Each structure stands twice: as structure tokens, then as C-alpha cells.
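The block underneath contains the structure these notes are about, expressed in C-alpha cells.
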Amino acid sequence: MSHLWGSRWSGFGFLLLLVLVWEAAGRYGWIHKLFFPPATKILASFFQIVASGEVLGHVGVSLWRAGLGYGLAALVAITLGVLMGYWRVAYESLEVVVELLRAVPPPAIIPVAIVFLGIGDQMKVFIILFSCAFPILVNTMDGVRSVDPVLVRTARTFGLRQGALLWKVVLPAASPFIMTGLRIALAIALILVVISEMVGATSGIGYFILDSQRSFRIPQMYAGMLVLALLGYTLNRGFLLVDARLMAWHKGLTARQR
Amino acid sequence: MLEVRELRKEFQPLSGQPVVALGSVSFRVESGQFVSIVGPSGCGKSTLLQCIAGLSRPSAGRVLLHGREVTGPPEGLILLFQEYNKSLMAWRSVLRNVRFGLENRAGMSRVEMDAEARRYIELVGLKGFEAHYPWELSGGMQQRVAIARALVRRPEVMLMDEPFGSLDALTRIELEDALLRLWESLRATILFVTHDIEEAVYLSDRAYVLSCRPAQVIEEIEVKLERPRNQLTTREDPRFIQARRHIFELISKEMAKG
Amino acid sequence: MARFPGKGLAVLLGCLVLWEVLARQSGALALYFPPASQVLATLAAILGNGELLDHIAASLLRFAEGYALAAALAVSAGLCFGLWRPLYALFEPLIELLRPMPSPATIPIAILFLGIGDQMKVAVTVYACFWPILLNTIDGVRAIDPVLMNTAATFRLGPWERFRKVVLPAASPQIVTGLRVSLAIALILVTTSEMVVSNDGLGFYILDRQRSFQIPEMYAAIVALAMIGYGLNRLFLTLDGWAMAWHKGLTRKEEIL
């Protein structure tokens, strides 16, 4: 028994125990029978909404919005971040505007986006773009600035011109920072897609969860949250896999330095 | 006063056979002596010190301090590490780092502790740097702070784990002489681990030479050189050269074996 | 640090002037995008007549309660998890499952159990802020160098002293990082929960003015919110600069080397 304590299995055992307690609490109404349905009922609802394809449509819509906003944000923010990190003038000119915009909590932009873009997909994509851009921008900028001048000078002595220098030296050297920004932005994209779907939408996983609560289909609400948790977990795992592939050199380097 | 009897230490790696770091190490250190332990790199010198300091339990054998077995960090014994930048507290000034050595002593007021700390800071030659943070100082100065922090407790025994190993050659010479002066005026017992043969001969009354892993004492060498020692005359003394040559041959033979 | 951002302010001013000119050119645009001067005048008006102050106070109170509670809970839990591995192993799958779920998804549950009042908003804020602080605290404790812990042991520090004099200060830079990340998250969650269901607070005010098509008021409140966010961040950085001066110096030194 003692070897189980502290191992991975202890955690899964504990999780199972919690689910059982949940089941009992729901079944015997220890908390609130309606608000807190037994785990089996939630699982049944989960399989039902997945099997019927009902929730998959919502997940697809959410993923499309999040993906588009995130992709655009990466494109814009990395470009801008490299510019601001590399050319002092660009940084000095844009820093105040960036600092001010960054201070706005992204949900506050939702009403503005509704005014301009309506409550459709465009609005949500814009919100995600806006909120994901800042972490990527700031990290890219830091990354470009932290590129060792020796490296840049070395590249210059090999006769690299500005464009090649950026592409072959600065961008790869800054990439660990950029990946950090992209990882933070991934979580933010998910948060904002849910928020924007809660505030104004008729589709998407955020809408599905809030709508289930409002129409009092409680097991379905929990099932929707489970879907969302799994989605978040999968996306994060996927990101880490890609990161490990692309950044293998950096992982090795930092492991070595320890 | 400090006795190590047939000390053995094994480590169990995650998979495979246990690694025997210390085979069977035995030696004695008399009160007030300066004793060195020399051995090839990776022979388990640090492990030995950790066991003597009570930070790590030996697999077999005993460490006796004044005839009492060491089971945890004993009173009156301090271990000083090579990595001064990690063992000093970056958030404390030099004064407060040195005061740390006294803080868990009962019956001392803050004022008394500070006065005592200042005295030792002066002794190690850092007067005027009390308010600096350790990381504002050079490596040699940082190790002086660590030495003051250890000595302020008036330990009977000071264990030093390659304390000058990461300093440049000139700083090293400076600190060797500073350490000898402090040792002569404070009459502490020092057990000094190093892989630098000349350093061991220059500093010690006696040197124990360790074999390759699993470590054992292969020879005990009395160093009969006058004190105070001198970087020029001592190192040119035929007895110094002879001792150095002897230890070098022993270790070369060991390294050829392992 | 104290460099005056002259170019930056000039660009900002340029943007504002461009906005002003464009909005004045076209009436249709001004409807959605009223001139900067009008937004600022509206801001002054709604601040002056106290209309906005109540909403600001409501939001700030929720923010403060949620943030403080999350900090207290997450730092304590993080220290326990960081120091005691078996405990972390016990909770790891649960943490791994809950952490990647976008926190606004908890709003519907919170409504269910706590209603639509302040409790719900505070609870959601606590939940969202909990994770970054927790994970950073755990990392901070784990990253403490063994040499430092061994030094504490050779100086015969008791468990409590070791915790107070070594673990807590050594982990503090990471804890502060978590607290800083959560600061922005707390504002997001307060605003969001007020948008989803509320009758006061800045989030409610902004969305409500949009719905009733009082566009200058909407922009004015967003500007106020941005200023609050900026102010809170600045305040945090100032406090951080005092408390963590040693760490700033240390990292700056390491960058130079």
C-alpha cells in the first residue's frame, strides 16, 4: 500500500473517490438534487449530447472562431513584436498605445465589437484576435530584445542582410519566447470564445453551457463543461507536443544548463 | 574528535543496480586540525561531506562527533558549499546573511547579533559592504560572506566542499590565505574537500587521498610544513613538492584504473 | 525606466486627432465612433454626476474580495503542494482536469448555486485567479535550490523557521508572478460576470449602454475601465518593485553576465 501513496495511481484513485462522493451526493440529495445531479446522470448526458452530435456542432463553431482569431492574432502580433523589438523607433512610437489598449480587460471590448460587427462570428473573431494579440506581442518583443548581440554580430560578419538576419537569426533565437506567448494566448483564446458566446451568440460551446443552465437542463450543463474541459486539455496537450517538436533544441539547452 | 567509521553509501537509481558511492571510508580528525580530502572528480567527496554533516543518511557505518553518533545536522558543525551564489540568500543584505548564522541561537538580542555579525564581516575583510546584496559582490567576496556566516556561529568543525572550486586562480590564492589566517586565529577544526592537490597540501596538516568510486581512503599524508604558510616559499619547499608529487601519482594511478 | 515616452505620446495624440477628424467628417461613423472629445466630455459628465462612481465601486469591491481570497487560498495550497509531493500526486489528475477548462464556463454553475448577486461574481473571480497563483507557487517552491535547503539544514533551522526564512522568500518571485497574472484575470472575470448577469458594475454599465445605444457613455466607461486596469497594474508593479527589489537587482545582474 505504501508504494501507492505518492504515486500517480493515488491521484486517479482520489479522483475516482471524488466522483463516487459526487454520485452519492447527487443521488441522496446531500447538496441539492436538482442543481447537483449524480455523476452517472452527467456522464449519461455527456454521451447523449456527443452521440447525437448536438454538442459537436457547437464545439466545431467555437473551434473555428477561436482558431481564426488565434491565427490572425499570431500573424499580426509576431510581425508587430519583431518590428517593435528590433527597431527602437517602432517601439518608442507604439509603446503608449499598446500599453493603453493592453490595460482594457478584453470583455469590455465586446460591446464595441457588437456595435461595429454585430453579434456574428466576426465580432467573436475580433475579440479573440484583440485579446490574444497582447501576450504574443509582448513576449515576441522581449524575445527579440533578448537575442544576444554577439549572435547578431556573428551573423553580420557572415554577410547576412537585414531580411535574412531577421528570418534566419533573430526569429529562431526569439522563438522560445514567442512560443511562451502563443501558449498563454491559447488559454486566453478559449476563455474569450466562451465569454463572447455567453454575452451574445446562438451557437458555440459557451452558448450551449449558459443556455443549458437558463433552460434548466442541469445535467446537460455539466456535460457541456466536461466537453469544454476535455477540449481545453486536448488543445493544451497538442500545443505541448508541437512545442516539444519545434523547440527540442531549447529544451535540451535549458535541461543542460540546470 | 570527529571520527568516520567504515562509512558506506549506496544510491538506488530509478532502474538498474544500486550505485556504491562510498565503499568503506574511515578516518579521524583531531580538534583544531586542518584536514583535507583529495580525490579524483566524481569519487563521492560531496556525498561523504553530506553524510558527515548529517544531511544524508549513510547506508552503513557511523560518523561520531565527540563520541556521539551523527544522525541529523549536529550542533557545532557547519557545511560550506562551493555554490556560494546558491547558498547565500539573495533577498538578504550581507549583514543579514551573516546574522542568519546566529538567528536561531537562543538568548541573543538583535543588537548583539548585528554587532557579532559586523565583527565577522570585518574579519573576512568585507567591512563597508554590510548593506550590499550578495549578488552585487564578486564571487570571491560572496564566498567570504558565506565563510563569515558559518564562522559567526563559532562552529567547532567546519566542513568545506570545494569552497574555492569556482573562483579564478588569483582570487583563490587570496582566499586560501584568508582562510588560513581565520583558522589560526579562531582555532576551529576544518575538513576541506578539494580536487586541487596543491591546495590540499598548501592548506592542511594532514590529507586523506580517496580512491575512485566506490571511494576508500588509500593513503594518509602528514604535511610537515611550517606555519604560517607562504604562497611562494611554501610552494617552493622540497617537502611541498614531494608531497604534491606523491599525491599526484596516487591519483593518476587511480584514474588510470577507473 | 524614467525615460519620457515622447514619441509614444505623440503617436497617441496623433491617433486621437485622426479619430476626432474622421468622426467629425461622417455622421454615420460618429454614431458608432463618437469623436474623442465627446467621449472624454461624457466621461467627465458621468464621473461628475456620480453615475459611474457607484458602478466603479461595485466592480472594485468584487475585484478586491475575489482577488484577495484567491491569493490567500492559492498561495497556501501551493505551498502545501510544493512542499509535500504525495499531496500533489493525490490532487494532480484533478488539477490537470480543471486547469485547462476556461474559467468563464463556471459562471453558469455559480449562478445555479449562488444566485446572480455578488457572491456568484466573487466566487467566479476566485476560481479563475486561483490557478495561475497556485501553479506558480508550486513551481516556485519546487525550484528552490537543494543547496539552499541544505544550508538551512546545516544551520539547524526548525521546520517553521525553514519555511519562514527560506521557502517563503525563495519562492516569492514566482508567487508574485502568479499574483500579477491573476490581476488581469480578476478584472476579466469581474467584467464578464457583470455582463452575463447583473444590475450594477462596470461590465454591466458598458453592455447596458451599448444595448440602449448610448454609445458615448459606453466608450467613456471603457476608458474608465482601461484606466483602472492600468492603475491597478502600475500599483502592483510599484509594490512589487519595493518588496522584490533584491530580485530585480539579481535578475538584472544575471542579464548583464
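Ordering of the C-alpha cells sets the chain letters (A, B, ...); residue numbers start at 1 within each chain; ligands are numbered from 1 in the order shown.
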For chain C, report every residue with an atom at most 7 Å from chain A (counting only C-alpha atoms), formatted as JSON, numbers by chain.
{"C": [5, 7, 8, 9, 11, 12, 32, 85, 86, 89, 90, 91, 92, 93, 94, 97, 98, 100, 101, 102, 103, 104, 105, 108, 112, 187, 188, 191, 192, 195, 196, 203, 207, 210, 222, 225, 226, 229, 230]}
Please list as a VMD selection string every residue within 12 Å of Glu116 (chain B), counting only C-alpha atoms and excluding residues in the same chain fewer than 2 positions away.
chain B and resid 95 to 96 98 to 103 108 to 114 118 to 123 148 to 149 151 to 154
From a DSSP calculation on the backbone, collect every residue of region 10-258 of chain B in alpha helix (DSSP H) and output the set as number ranges by chain.
B: 45-52, 84-87, 94-103, 110-123, 139-151, 169-186, 197-203, 233-236, 238-257
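Distance criterion 6 Å to chain B, applied with only C-alpha atoms, yields Val147, Leu148, Thr154 and Trp246 of chain C on chain C.
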Writing out the chosen residues with N, CA, C and O atoms as a PDB file, in the first residue's frame:
```
ATOM      1  N   VAL C 147      20.862  23.262  -2.581  1.00  0.00           N
ATOM      2  CA  VAL C 147      21.960  23.823  -1.797  1.00  0.00           C
ATOM      3  C   VAL C 147      21.421  24.763  -0.720  1.00  0.00           C
ATOM      4  O   VAL C 147      21.885  24.772   0.420  1.00  0.00           O
ATOM      5  N   LEU C 148      20.402  25.525  -1.087  1.00  0.00           N
ATOM      6  CA  LEU C 148      19.816  26.463  -0.122  1.00  0.00           C
ATOM      7  C   LEU C 148      19.127  25.712   1.014  1.00  0.00           C
ATOM      8  O   LEU C 148      19.279  26.053   2.190  1.00  0.00           O
ATOM      9  N   THR C 154      22.012  22.669   7.629  1.00  0.00           N
ATOM     10  CA  THR C 154      23.276  22.659   8.356  1.00  0.00           C
ATOM     11  C   THR C 154      23.295  23.742   9.434  1.00  0.00           C
ATOM     12  O   THR C 154      23.976  23.622  10.432  1.00  0.00           O
ATOM     13  N   TRP C 246      15.392  43.157  -4.322  1.00  0.00           N
ATOM     14  CA  TRP C 246      16.535  42.236  -4.394  1.00  0.00           C
ATOM     15  C   TRP C 246      16.466  41.381  -5.640  1.00  0.00           C
ATOM     16  O   TRP C 246      17.478  41.142  -6.301  1.00  0.00           O
TER      17      TRP C 246
END
```
What lies within 12 Å of region 154-170 of chain A using only C-alpha atoms, ignoring chain neighbours under 2 positions off, as JSON, numbers by chain?
{"A": [79, 81, 82, 83, 85, 86, 87, 140, 141, 142, 143, 144, 145, 146, 147, 148, 149, 150, 151, 152, 172, 173, 174, 175, 176, 177, 178]}
One-decimal distance in Å that lies between CA of Leu79 (chain C) and CA of Pro159 (chain C)
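Atom-to-atom, CA of Pro159 (chain C) and CA of Leu79 (chain C) are spaced 13.4 Å apart.
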Residues near Leu31 (chain C), anyone? I mean within 9 Å using only C-alpha atoms, not counting same-chain ones fewer than 5 positions away, as number ranges by chain.
C: 23, 26, 215-216
Deliver the residues from the most recent selection as a file, using N, CA and C atoms, as a compact mmCIF listing (two decimals), in the first residue's frame.
```txt
# COMPACT_ATOMS: atom_id res chain seq x y z
N ALA C 23 -14.32 61.17 -37.19
CA ALA C 23 -15.66 61.12 -36.63
C ALA C 23 -16.46 62.37 -36.97
N SER C 26 -17.87 62.27 -40.81
CA SER C 26 -19.01 61.47 -41.24
C SER C 26 -19.96 61.23 -40.08
N ILE C 215 -23.89 55.32 -27.07
CA ILE C 215 -22.53 54.92 -27.44
C ILE C 215 -21.45 55.75 -26.74
N PRO C 216 -21.59 57.09 -26.64
CA PRO C 216 -20.52 57.84 -25.94
C PRO C 216 -20.32 57.34 -24.50
```
Would you compute the distance between CA of Gln25 (chain C) and CA of Glu217 (chain C)? Give it in Å to one decimal.
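CA of Glu217 (chain C) lies 20.8 Å from CA of Gln25 (chain C).
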Surrounding residues of region 22-30 of chain B excluding itself and chain neighbours under 4 positions, 10 Å, only C-alpha atoms, as a ChimeraX atom specification
/B:1-11,34-36,43-45,47-48,58-65,157,189-191,206,208,210-218,220
Would you mind exporting N, CA and C atoms of the selected residues as a tab-separated table (two decimals), in the first residue's frame?
```
chain	number	residue	atom	x	y	z
B	1	MET	N	38.34	13.84	17.55
B	1	MET	CA	37.03	14.36	17.93
B	1	MET	C	35.96	14.06	16.87
B	2	LEU	N	36.37	14.12	15.60
B	2	LEU	CA	35.45	13.73	14.53
B	2	LEU	C	35.96	12.42	13.94
B	3	GLU	N	35.12	11.44	13.97
B	3	GLU	CA	35.57	10.13	13.54
B	3	GLU	C	34.59	9.55	12.53
B	4	VAL	N	35.13	9.05	11.43
B	4	VAL	CA	34.30	8.43	10.40
B	4	VAL	C	34.67	6.97	10.36
B	5	ARG	N	33.69	6.10	10.60
B	5	ARG	CA	33.99	4.66	10.70
B	5	ARG	C	33.27	3.87	9.62
B	6	GLU	N	34.05	3.34	8.70
B	6	GLU	CA	33.53	2.40	7.69
B	6	GLU	C	32.24	2.89	7.05
B	7	LEU	N	32.29	4.12	6.62
B	7	LEU	CA	31.09	4.74	6.07
B	7	LEU	C	30.84	4.20	4.66
B	8	ARG	N	29.59	3.81	4.42
B	8	ARG	CA	29.23	3.28	3.12
B	8	ARG	C	27.97	3.99	2.66
B	9	LYS	N	27.92	4.33	1.38
B	9	LYS	CA	26.70	4.98	0.88
B	9	LYS	C	26.36	4.44	-0.50
B	10	GLU	N	25.14	3.96	-0.62
B	10	GLU	CA	24.66	3.47	-1.91
B	10	GLU	C	23.49	4.33	-2.36
B	11	PHE	N	23.38	4.48	-3.65
B	11	PHE	CA	22.21	5.15	-4.21
B	11	PHE	C	21.46	4.17	-5.09
B	34	PHE	N	43.65	21.10	10.52
B	34	PHE	CA	43.17	21.42	9.17
B	34	PHE	C	43.43	20.18	8.32
B	35	VAL	N	42.35	19.49	7.97
B	35	VAL	CA	42.50	18.23	7.26
B	35	VAL	C	41.85	18.34	5.89
B	36	SER	N	42.53	17.83	4.87
B	36	SER	CA	41.97	17.86	3.52
B	36	SER	C	41.63	16.46	3.04
B	43	CYS	N	34.33	11.13	-7.24
B	43	CYS	CA	34.60	9.94	-6.42
B	43	CYS	C	33.70	9.89	-5.20
B	44	GLY	N	32.87	10.88	-5.00
B	44	GLY	CA	31.94	10.81	-3.87
B	44	GLY	C	32.35	11.68	-2.70
B	45	LYS	N	33.21	12.68	-2.98
B	45	LYS	CA	33.66	13.56	-1.89
B	45	LYS	C	32.50	14.35	-1.29
B	47	THR	N	29.32	13.55	-1.36
B	47	THR	CA	28.45	12.62	-0.63
B	47	THR	C	29.00	12.38	0.77
B	48	LEU	N	30.32	12.21	0.85
B	48	LEU	CA	30.95	11.99	2.14
B	48	LEU	C	30.66	13.14	3.09
B	58	PRO	N	23.98	7.59	5.94
B	58	PRO	CA	24.84	6.58	5.34
B	58	PRO	C	24.11	5.24	5.27
B	59	SER	N	24.49	4.41	4.30
B	59	SER	CA	23.87	3.09	4.20
B	59	SER	C	24.42	2.17	5.27
B	60	ALA	N	25.67	2.39	5.65
B	60	ALA	CA	26.27	1.61	6.74
B	60	ALA	C	27.41	2.44	7.31
B	61	GLY	N	27.86	2.08	8.51
B	61	GLY	CA	28.94	2.81	9.13
B	61	GLY	C	28.44	3.99	9.94
B	62	ARG	N	29.37	4.68	10.61
B	62	ARG	CA	28.93	5.73	11.51
B	62	ARG	C	29.83	6.95	11.44
B	63	VAL	N	29.25	8.08	11.80
B	63	VAL	CA	30.03	9.30	11.97
B	63	VAL	C	29.89	9.68	13.43
B	64	LEU	N	31.04	9.89	14.10
B	64	LEU	CA	30.99	10.23	15.53
B	64	LEU	C	31.60	11.61	15.73
B	65	LEU	N	30.86	12.46	16.43
B	65	LEU	CA	31.38	13.77	16.79
B	65	LEU	C	31.44	13.78	18.31
B	157	VAL	N	33.59	22.49	14.15
B	157	VAL	CA	34.04	21.87	12.92
B	157	VAL	C	33.41	22.59	11.74
B	189	THR	N	38.19	23.52	13.76
B	189	THR	CA	38.65	22.34	13.06
B	189	THR	C	38.07	22.42	11.65
B	190	ILE	N	38.91	22.19	10.65
B	190	ILE	CA	38.40	22.29	9.28
B	190	ILE	C	38.65	20.99	8.53
B	191	LEU	N	37.58	20.53	7.89
B	191	LEU	CA	37.70	19.39	6.99
B	191	LEU	C	37.39	19.93	5.60
B	206	ARG	N	47.12	17.55	7.40
B	206	ARG	CA	47.06	16.15	7.00
B	206	ARG	C	46.10	16.06	5.81
B	208	TYR	N	43.90	13.21	3.36
B	208	TYR	CA	43.49	11.84	3.04
B	208	TYR	C	43.22	11.76	1.56
B	210	LEU	N	41.51	9.84	-1.53
B	210	LEU	CA	40.43	8.89	-1.79
B	210	LEU	C	40.65	8.19	-3.13
B	211	SER	N	40.13	6.96	-3.22
B	211	SER	CA	40.19	6.22	-4.47
B	211	SER	C	39.01	6.61	-5.34
B	212	CYS	N	38.97	6.03	-6.55
B	212	CYS	CA	37.80	6.21	-7.41
B	212	CYS	C	36.62	5.48	-6.78
B	213	ARG	N	35.45	5.72	-7.34
B	213	ARG	CA	34.23	5.11	-6.84
B	213	ARG	C	34.29	3.59	-6.91
B	214	PRO	N	33.88	2.83	-5.91
B	214	PRO	CA	33.43	3.30	-4.59
B	214	PRO	C	34.59	3.79	-3.75
B	215	ALA	N	34.45	4.97	-3.18
B	215	ALA	CA	35.57	5.66	-2.55
B	215	ALA	C	36.05	4.96	-1.28
B	216	GLN	N	37.36	4.97	-1.13
B	216	GLN	CA	38.02	4.48	0.09
B	216	GLN	C	39.23	5.34	0.32
B	217	VAL	N	39.67	5.42	1.58
B	217	VAL	CA	40.90	6.16	1.85
B	217	VAL	C	42.06	5.27	1.41
B	218	ILE	N	42.88	5.76	0.47
B	218	ILE	CA	44.01	4.92	0.07
B	218	ILE	C	45.30	5.35	0.75
B	220	GLU	N	47.07	8.21	3.89
B	220	GLU	CA	47.01	9.34	4.80
B	220	GLU	C	48.37	10.01	4.74
```
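Counting only C-alpha atoms and comparing B:Thr71, B:Gln242, B:Asn230, B:Ser46, the residue that lies closest to Tyr202 (chain B) is B:Asn230.
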